[in-house]
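The structure appears right after this line, and notes come after that.
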Amino acid sequence: MKAVVLGVGRMGRRHVQVVQKAGCELVGVYDVRKESLEEAKREYGLDDALLFDDLDRLYEVARPECVVIATTADSHEGLTCMAAERGAQFVLVEKPMATSVDACDRMLQVCARQGTKLAVNHQMRFMEQYTRPKALFASDELGEMGSMTVVAGNFGLAMNGCHYFEAFRYLADDIPAEVTAWFSSETVPNPRGSQFHDRGGSVRVTTRGGKRFYMEAGTDQGHGVRAVYGTRQGMLTVNELTGELVGTERQAEFRSLPTTRYGMPAVDRRETIAPAEVIDTSAAVLRALISDENSVTGEHGRSAVEVLVAAHQSADAGGIPITLGANLDRSRVFPWA
């Protein structure tokens, strides 16, 4: 499988490793900045023949079957559509998928028309910090998840928060239906340029089936990422940066009692899981795309953008609930990186 990486800034250079770990042949890297190409060349020992600063020439010379897009979000739509129209069979695009819902829809439409498979690099279903809780939610010991709460430092709702919107959709196995948000007063700057910025604050998401997601990532919070899950029989807390899972669950003889009996004798749980990691999990996303098994589809990426857009719409209106669907401002373009 011949693959190219578009955008070799800090994250894009990681995708050089991702392509190699996924078993693809790297046939080119592209960037408008020559210094980024030189850095990729130095870091990975790339031959000059693999370095491109002209997209037309890259497609003519490299003829990639797979295109990995690791540029800023404002260019994702154009680069994805171009890759599909130039004959790429597979496109993996970084998150957030695009800077508007309409742009996501155009990406999906062009890829469908060209027969190109599209995936978004949300790695959660390949991370033990989510696969382990999901397995426990299917067990008698913990039972079905009712809510997920994330408390984090100021990591940006577009930069990192959208990952958790996809994690929640995956864990709940349900479709987000309503979003309410309240933003911190200050914006979150991005090192990729002054034209990019993000927001911090509080977000609530509910699914069609009544599952709840809460995020507290205000700009006045400066450390850590923890996820707390409430279930039918107990509770889990995951420290995502250290890989520690702790929990408590009702003893077996009390599981049939109603949820109002929340103080029954319990069993404690403590496990070590793999902490957050980027390279191997991104390679897993790419392999899933190519094999068409357990892929993080463009529709999944679009869903995360929908929640993100609805959060902005809600916060701008003073924290009113926004129903996903006809009420969503699909054309609004955001300054996400």
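Residue numbering restarts at 1 in every chain; chains get A, B, ... in the order shown in the structure tokens, and ligands count up from 1 in that same order.
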Sort by chain and increasing residue number a table of all residues of region 132-166 of chain A within 12 Å of region 269-292 of chain A, each with its closest pair of atoms and their distance in Å to one decimal, counting only C-alpha atoms, and write it as CSV.
residue,atom,partner,partner_atom,distance
A:Arg132,CA,A:Ile273,CA,8.2
A:Pro133,CA,A:Ile273,CA,10.5
A:Leu136,CA,A:Arg269,CA,11.2
A:Glu141,CA,A:Arg269,CA,10.4
A:Leu142,CA,A:Arg269,CA,10.6
Find the spatial neighbours of region 330-337 of chain A, counting only C-alpha atoms, within a cut-off of 8 Å - ignore same-chain residues fewer than 2 positions away - and output them as JSON, numbers by chain. {"A": [72, 73, 74, 96, 99, 100, 101, 102, 103, 158, 159, 190, 192, 195, 196, 197, 198, 309, 328]}
Store the residues of this selection in a file with N, CA and C atoms, as a PDB file, in the first residue's frame.
ATOM      1  N   THR A  72      -3.542  21.568   9.337  1.00  0.00           N
ATOM      2  CA  THR A  72      -4.529  22.184  10.213  1.00  0.00           C
ATOM      3  C   THR A  72      -5.936  21.977   9.654  1.00  0.00           C
ATOM      4  N   ALA A  73      -6.927  22.081  10.538  1.00  0.00           N
ATOM      5  CA  ALA A  73      -8.293  21.685  10.194  1.00  0.00           C
ATOM      6  C   ALA A  73      -8.901  22.509   9.063  1.00  0.00           C
ATOM      7  N   ASP A  74      -8.433  23.751   8.884  1.00  0.00           N
ATOM      8  CA  ASP A  74      -9.013  24.594   7.839  1.00  0.00           C
ATOM      9  C   ASP A  74      -8.727  24.074   6.437  1.00  0.00           C
ATOM     10  N   PRO A  96      -9.839  17.986  14.490  1.00  0.00           N
ATOM     11  CA  PRO A  96     -11.224  17.748  14.117  1.00  0.00           C
ATOM     12  C   PRO A  96     -11.348  17.574  12.609  1.00  0.00           C
ATOM     13  N   THR A  99     -13.834  22.252   9.814  1.00  0.00           N
ATOM     14  CA  THR A  99     -14.171  23.434  10.611  1.00  0.00           C
ATOM     15  C   THR A  99     -15.644  23.818  10.512  1.00  0.00           C
ATOM     16  N   SER A 100     -16.461  22.985   9.881  1.00  0.00           N
ATOM     17  CA  SER A 100     -17.908  23.170   9.867  1.00  0.00           C
ATOM     18  C   SER A 100     -18.562  21.831   9.558  1.00  0.00           C
ATOM     19  N   VAL A 101     -19.850  21.725   9.890  1.00  0.00           N
ATOM     20  CA  VAL A 101     -20.588  20.499   9.562  1.00  0.00           C
ATOM     21  C   VAL A 101     -20.770  20.378   8.057  1.00  0.00           C
ATOM     22  N   ASP A 102     -21.028  21.496   7.384  1.00  0.00           N
ATOM     23  CA  ASP A 102     -21.181  21.456   5.927  1.00  0.00           C
ATOM     24  C   ASP A 102     -19.915  20.923   5.261  1.00  0.00           C
ATOM     25  N   ALA A 103     -18.748  21.319   5.756  1.00  0.00           N
ATOM     26  CA  ALA A 103     -17.490  20.829   5.183  1.00  0.00           C
ATOM     27  C   ALA A 103     -17.363  19.319   5.377  1.00  0.00           C
ATOM     28  N   ALA A 158     -11.821  21.741  20.855  1.00  0.00           N
ATOM     29  CA  ALA A 158     -11.587  21.223  19.506  1.00  0.00           C
ATOM     30  C   ALA A 158     -10.322  20.379  19.460  1.00  0.00           C
ATOM     31  N   MET A 159      -9.275  20.834  20.151  1.00  0.00           N
ATOM     32  CA  MET A 159      -8.003  20.122  20.111  1.00  0.00           C
ATOM     33  C   MET A 159      -8.107  18.740  20.749  1.00  0.00           C
ATOM     34  N   ASN A 190      -3.434  28.811  20.035  1.00  0.00           N
ATOM     35  CA  ASN A 190      -2.816  27.610  19.477  1.00  0.00           C
ATOM     36  C   ASN A 190      -1.437  27.959  18.940  1.00  0.00           C
ATOM     37  N   ARG A 192       0.100  26.829  16.537  1.00  0.00           N
ATOM     38  CA  ARG A 192       0.210  26.747  15.079  1.00  0.00           C
ATOM     39  C   ARG A 192      -0.036  28.085  14.387  1.00  0.00           C
ATOM     40  N   GLN A 195      -4.105  32.839  14.032  1.00  0.00           N
ATOM     41  CA  GLN A 195      -5.423  32.730  13.402  1.00  0.00           C
ATOM     42  C   GLN A 195      -6.244  31.581  13.965  1.00  0.00           C
ATOM     43  N   PHE A 196      -5.606  30.705  14.745  1.00  0.00           N
ATOM     44  CA  PHE A 196      -6.293  29.562  15.327  1.00  0.00           C
ATOM     45  C   PHE A 196      -6.523  29.784  16.815  1.00  0.00           C
ATOM     46  N   HIS A 197      -7.709  29.464  17.273  1.00  0.00           N
ATOM     47  CA  HIS A 197      -7.941  29.460  18.718  1.00  0.00           C
ATOM     48  C   HIS A 197      -9.091  28.518  19.043  1.00  0.00           C
ATOM     49  N   ASP A 198      -9.222  28.224  20.311  1.00  0.00           N
ATOM     50  CA  ASP A 198     -10.134  27.195  20.794  1.00  0.00           C
ATOM     51  C   ASP A 198     -10.831  27.727  22.029  1.00  0.00           C
ATOM     52  N   VAL A 309     -19.820  21.833  17.347  1.00  0.00           N
ATOM     53  CA  VAL A 309     -20.554  22.991  16.818  1.00  0.00           C
ATOM     54  C   VAL A 309     -21.734  23.323  17.728  1.00  0.00           C
ATOM     55  N   LEU A 328     -29.125  22.900  14.157  1.00  0.00           N
ATOM     56  CA  LEU A 328     -27.688  23.094  14.156  1.00  0.00           C
ATOM     57  C   LEU A 328     -27.263  24.058  13.048  1.00  0.00           C
TER      58      LEU A 328
END
Restricting to only C-alpha atoms, whichever of A:Leu157, A:Ala22, A:Ala3, A:Leu171 is closest to Met215 (chain A) is A:Leu157
Among region 134-225 of chain A, which ones does DSSP place in alpha helix (DSSP H), written as a list in words? Lys134, Ala135, Leu136, Phe137, Cys162, His163, Tyr164, Phe165, Glu166, Ala167, Phe168, Arg169, Tyr170, Leu171 and Ala172 of chain A
With all heavy atoms retained, export the selected residues as a compact mmCIF listing (two decimals), in the first residue's frame.
# COMPACT_ATOMS: atom_id res chain seq x y z
N LYS A 134 -15.25 -0.36 28.58
CA LYS A 134 -16.35 -0.86 27.75
C LYS A 134 -16.61 -2.34 28.01
O LYS A 134 -17.77 -2.78 28.08
CB LYS A 134 -16.04 -0.63 26.27
CG LYS A 134 -17.23 -0.91 25.34
CD LYS A 134 -16.91 -0.53 23.92
CE LYS A 134 -18.06 -0.83 22.96
NZ LYS A 134 -19.23 0.05 23.16
N ALA A 135 -15.53 -3.12 28.19
CA ALA A 135 -15.70 -4.54 28.50
C ALA A 135 -16.36 -4.72 29.87
O ALA A 135 -17.22 -5.59 30.04
CB ALA A 135 -14.34 -5.24 28.47
N LEU A 136 -15.97 -3.88 30.84
CA LEU A 136 -16.56 -3.98 32.18
C LEU A 136 -18.03 -3.58 32.18
O LEU A 136 -18.82 -4.13 32.95
CB LEU A 136 -15.77 -3.11 33.16
CG LEU A 136 -14.37 -3.62 33.51
CD1 LEU A 136 -13.60 -2.57 34.30
CD2 LEU A 136 -14.44 -4.93 34.29
N PHE A 137 -18.42 -2.64 31.30
CA PHE A 137 -19.83 -2.24 31.24
C PHE A 137 -20.72 -3.38 30.75
O PHE A 137 -21.92 -3.39 31.00
CB PHE A 137 -20.01 -1.03 30.30
CG PHE A 137 -19.24 0.19 30.72
CD1 PHE A 137 -18.86 1.13 29.77
CD2 PHE A 137 -18.90 0.41 32.04
CE1 PHE A 137 -18.15 2.26 30.14
CE2 PHE A 137 -18.18 1.54 32.42
CZ PHE A 137 -17.80 2.46 31.46
N CYS A 162 -13.00 17.02 21.32
CA CYS A 162 -13.72 16.24 20.31
C CYS A 162 -13.35 14.75 20.39
O CYS A 162 -14.17 13.90 20.02
CB CYS A 162 -13.46 16.79 18.92
SG CYS A 162 -11.78 16.65 18.32
N HIS A 163 -12.15 14.43 20.87
CA HIS A 163 -11.81 13.02 21.09
C HIS A 163 -12.78 12.39 22.09
O HIS A 163 -13.19 11.23 21.94
CB HIS A 163 -10.39 12.89 21.64
CG HIS A 163 -9.33 12.84 20.60
ND1 HIS A 163 -9.45 12.15 19.41
CD2 HIS A 163 -8.08 13.38 20.58
CE1 HIS A 163 -8.35 12.28 18.71
NE2 HIS A 163 -7.50 13.02 19.38
N TYR A 164 -13.14 13.14 23.12
CA TYR A 164 -14.01 12.60 24.16
C TYR A 164 -15.46 12.50 23.68
O TYR A 164 -16.21 11.63 24.15
CB TYR A 164 -13.89 13.44 25.43
CG TYR A 164 -12.54 13.22 26.07
CD1 TYR A 164 -11.47 14.02 25.74
CD2 TYR A 164 -12.34 12.15 26.93
CE1 TYR A 164 -10.22 13.79 26.28
CE2 TYR A 164 -11.09 11.91 27.48
CZ TYR A 164 -10.03 12.73 27.14
OH TYR A 164 -8.79 12.49 27.67
N PHE A 165 -15.86 13.36 22.75
CA PHE A 165 -17.20 13.20 22.17
C PHE A 165 -17.28 11.87 21.41
O PHE A 165 -18.30 11.17 21.48
CB PHE A 165 -17.51 14.37 21.23
CG PHE A 165 -17.42 15.72 21.88
CD1 PHE A 165 -17.04 16.84 21.15
CD2 PHE A 165 -17.72 15.88 23.23
CE1 PHE A 165 -16.98 18.09 21.75
CE2 PHE A 165 -17.65 17.13 23.84
CZ PHE A 165 -17.27 18.23 23.09
N GLU A 166 -16.23 11.52 20.69
CA GLU A 166 -16.21 10.23 20.00
C GLU A 166 -16.08 9.08 20.99
O GLU A 166 -16.71 8.04 20.82
CB GLU A 166 -15.07 10.19 18.97
CG GLU A 166 -14.70 8.81 18.45
CD GLU A 166 -15.83 8.02 17.82
OE1 GLU A 166 -16.88 8.61 17.48
OE2 GLU A 166 -15.68 6.79 17.66
N ALA A 167 -15.26 9.26 22.04
CA ALA A 167 -15.14 8.20 23.06
C ALA A 167 -16.49 7.91 23.70
O ALA A 167 -16.86 6.75 23.89
CB ALA A 167 -14.13 8.63 24.14
N PHE A 168 -17.25 8.96 24.01
CA PHE A 168 -18.57 8.78 24.62
C PHE A 168 -19.52 8.07 23.67
O PHE A 168 -20.24 7.15 24.06
CB PHE A 168 -19.13 10.14 25.03
CG PHE A 168 -20.54 10.09 25.53
CD1 PHE A 168 -20.88 9.34 26.65
CD2 PHE A 168 -21.54 10.82 24.90
CE1 PHE A 168 -22.19 9.30 27.12
CE2 PHE A 168 -22.85 10.78 25.36
CZ PHE A 168 -23.18 10.02 26.46
N ARG A 169 -19.54 8.49 22.40
CA ARG A 169 -20.40 7.82 21.41
C ARG A 169 -20.05 6.34 21.32
O ARG A 169 -20.94 5.48 21.26
CB ARG A 169 -20.23 8.50 20.04
CG ARG A 169 -21.21 8.03 18.98
CD ARG A 169 -20.64 8.17 17.59
NE ARG A 169 -19.41 7.38 17.46
CZ ARG A 169 -19.39 6.07 17.30
NH1 ARG A 169 -20.51 5.37 17.25
NH2 ARG A 169 -18.24 5.43 17.20
N TYR A 170 -18.75 6.03 21.32
CA TYR A 170 -18.29 4.64 21.24
C TYR A 170 -18.68 3.85 22.50
O TYR A 170 -19.19 2.73 22.40
CB TYR A 170 -16.78 4.65 21.05
CG TYR A 170 -16.08 3.34 21.31
CD1 TYR A 170 -16.20 2.26 20.45
CD2 TYR A 170 -15.27 3.19 22.44
CE1 TYR A 170 -15.55 1.05 20.70
CE2 TYR A 170 -14.61 1.99 22.69
CZ TYR A 170 -14.76 0.94 21.83
OH TYR A 170 -14.10 -0.25 22.08
N LEU A 171 -18.48 4.43 23.67
CA LEU A 171 -18.76 3.72 24.92
C LEU A 171 -20.27 3.56 25.15
O LEU A 171 -20.72 2.53 25.64
CB LEU A 171 -18.12 4.45 26.10
CG LEU A 171 -16.60 4.39 26.15
CD1 LEU A 171 -16.06 5.39 27.17
CD2 LEU A 171 -16.11 2.99 26.49
N ALA A 172 -21.03 4.59 24.82
CA ALA A 172 -22.48 4.53 25.02
C ALA A 172 -23.16 3.69 23.94
O ALA A 172 -24.27 3.22 24.14
CB ALA A 172 -23.07 5.93 25.01
Computed gap from CA of Met1 (chain A) to CA of Glu77 (chain A) is 23.2 Å
What's around Ile320 (chain A) at 10 Å? Count only C-alpha atoms, leave out sequence neighbours fewer than 5 positions away in its own chain, and write the answer as an NGL selection string. :A and (179-182 or 311 or 313-315)
Per DSSP on the backbone, what are the strand (DSSP E) residues of region 18-265 of chain A, as a VMD selection string? chain A and resid 25 to 30 51 to 52 66 to 69 90 to 93 117 to 120 145 to 152 176 to 189 197 to 207 212 to 217 225 to 231 234 to 239 244 to 250
Tell me which of A:Val18, A:Met11, A:Ala49, A:Ala252 sits closest to Ser36 (chain A), counting only C-alpha atoms. A:Met11
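Taking CA of Thr242 (chain A) and CA of Asp268 (chain A) as the two end points, the separation is 19.0 Å.
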Closest of A:Glu293, A:Asp47, A:Asp220, A:Glu178 to Gly325 (chain A), counting only C-alpha atoms, is A:Glu178
Proximity to Thr116 (chain A) - best of A:Thr248, A:Thr131, A:Thr80, A:Thr149, only C-alpha atoms: A:Thr80
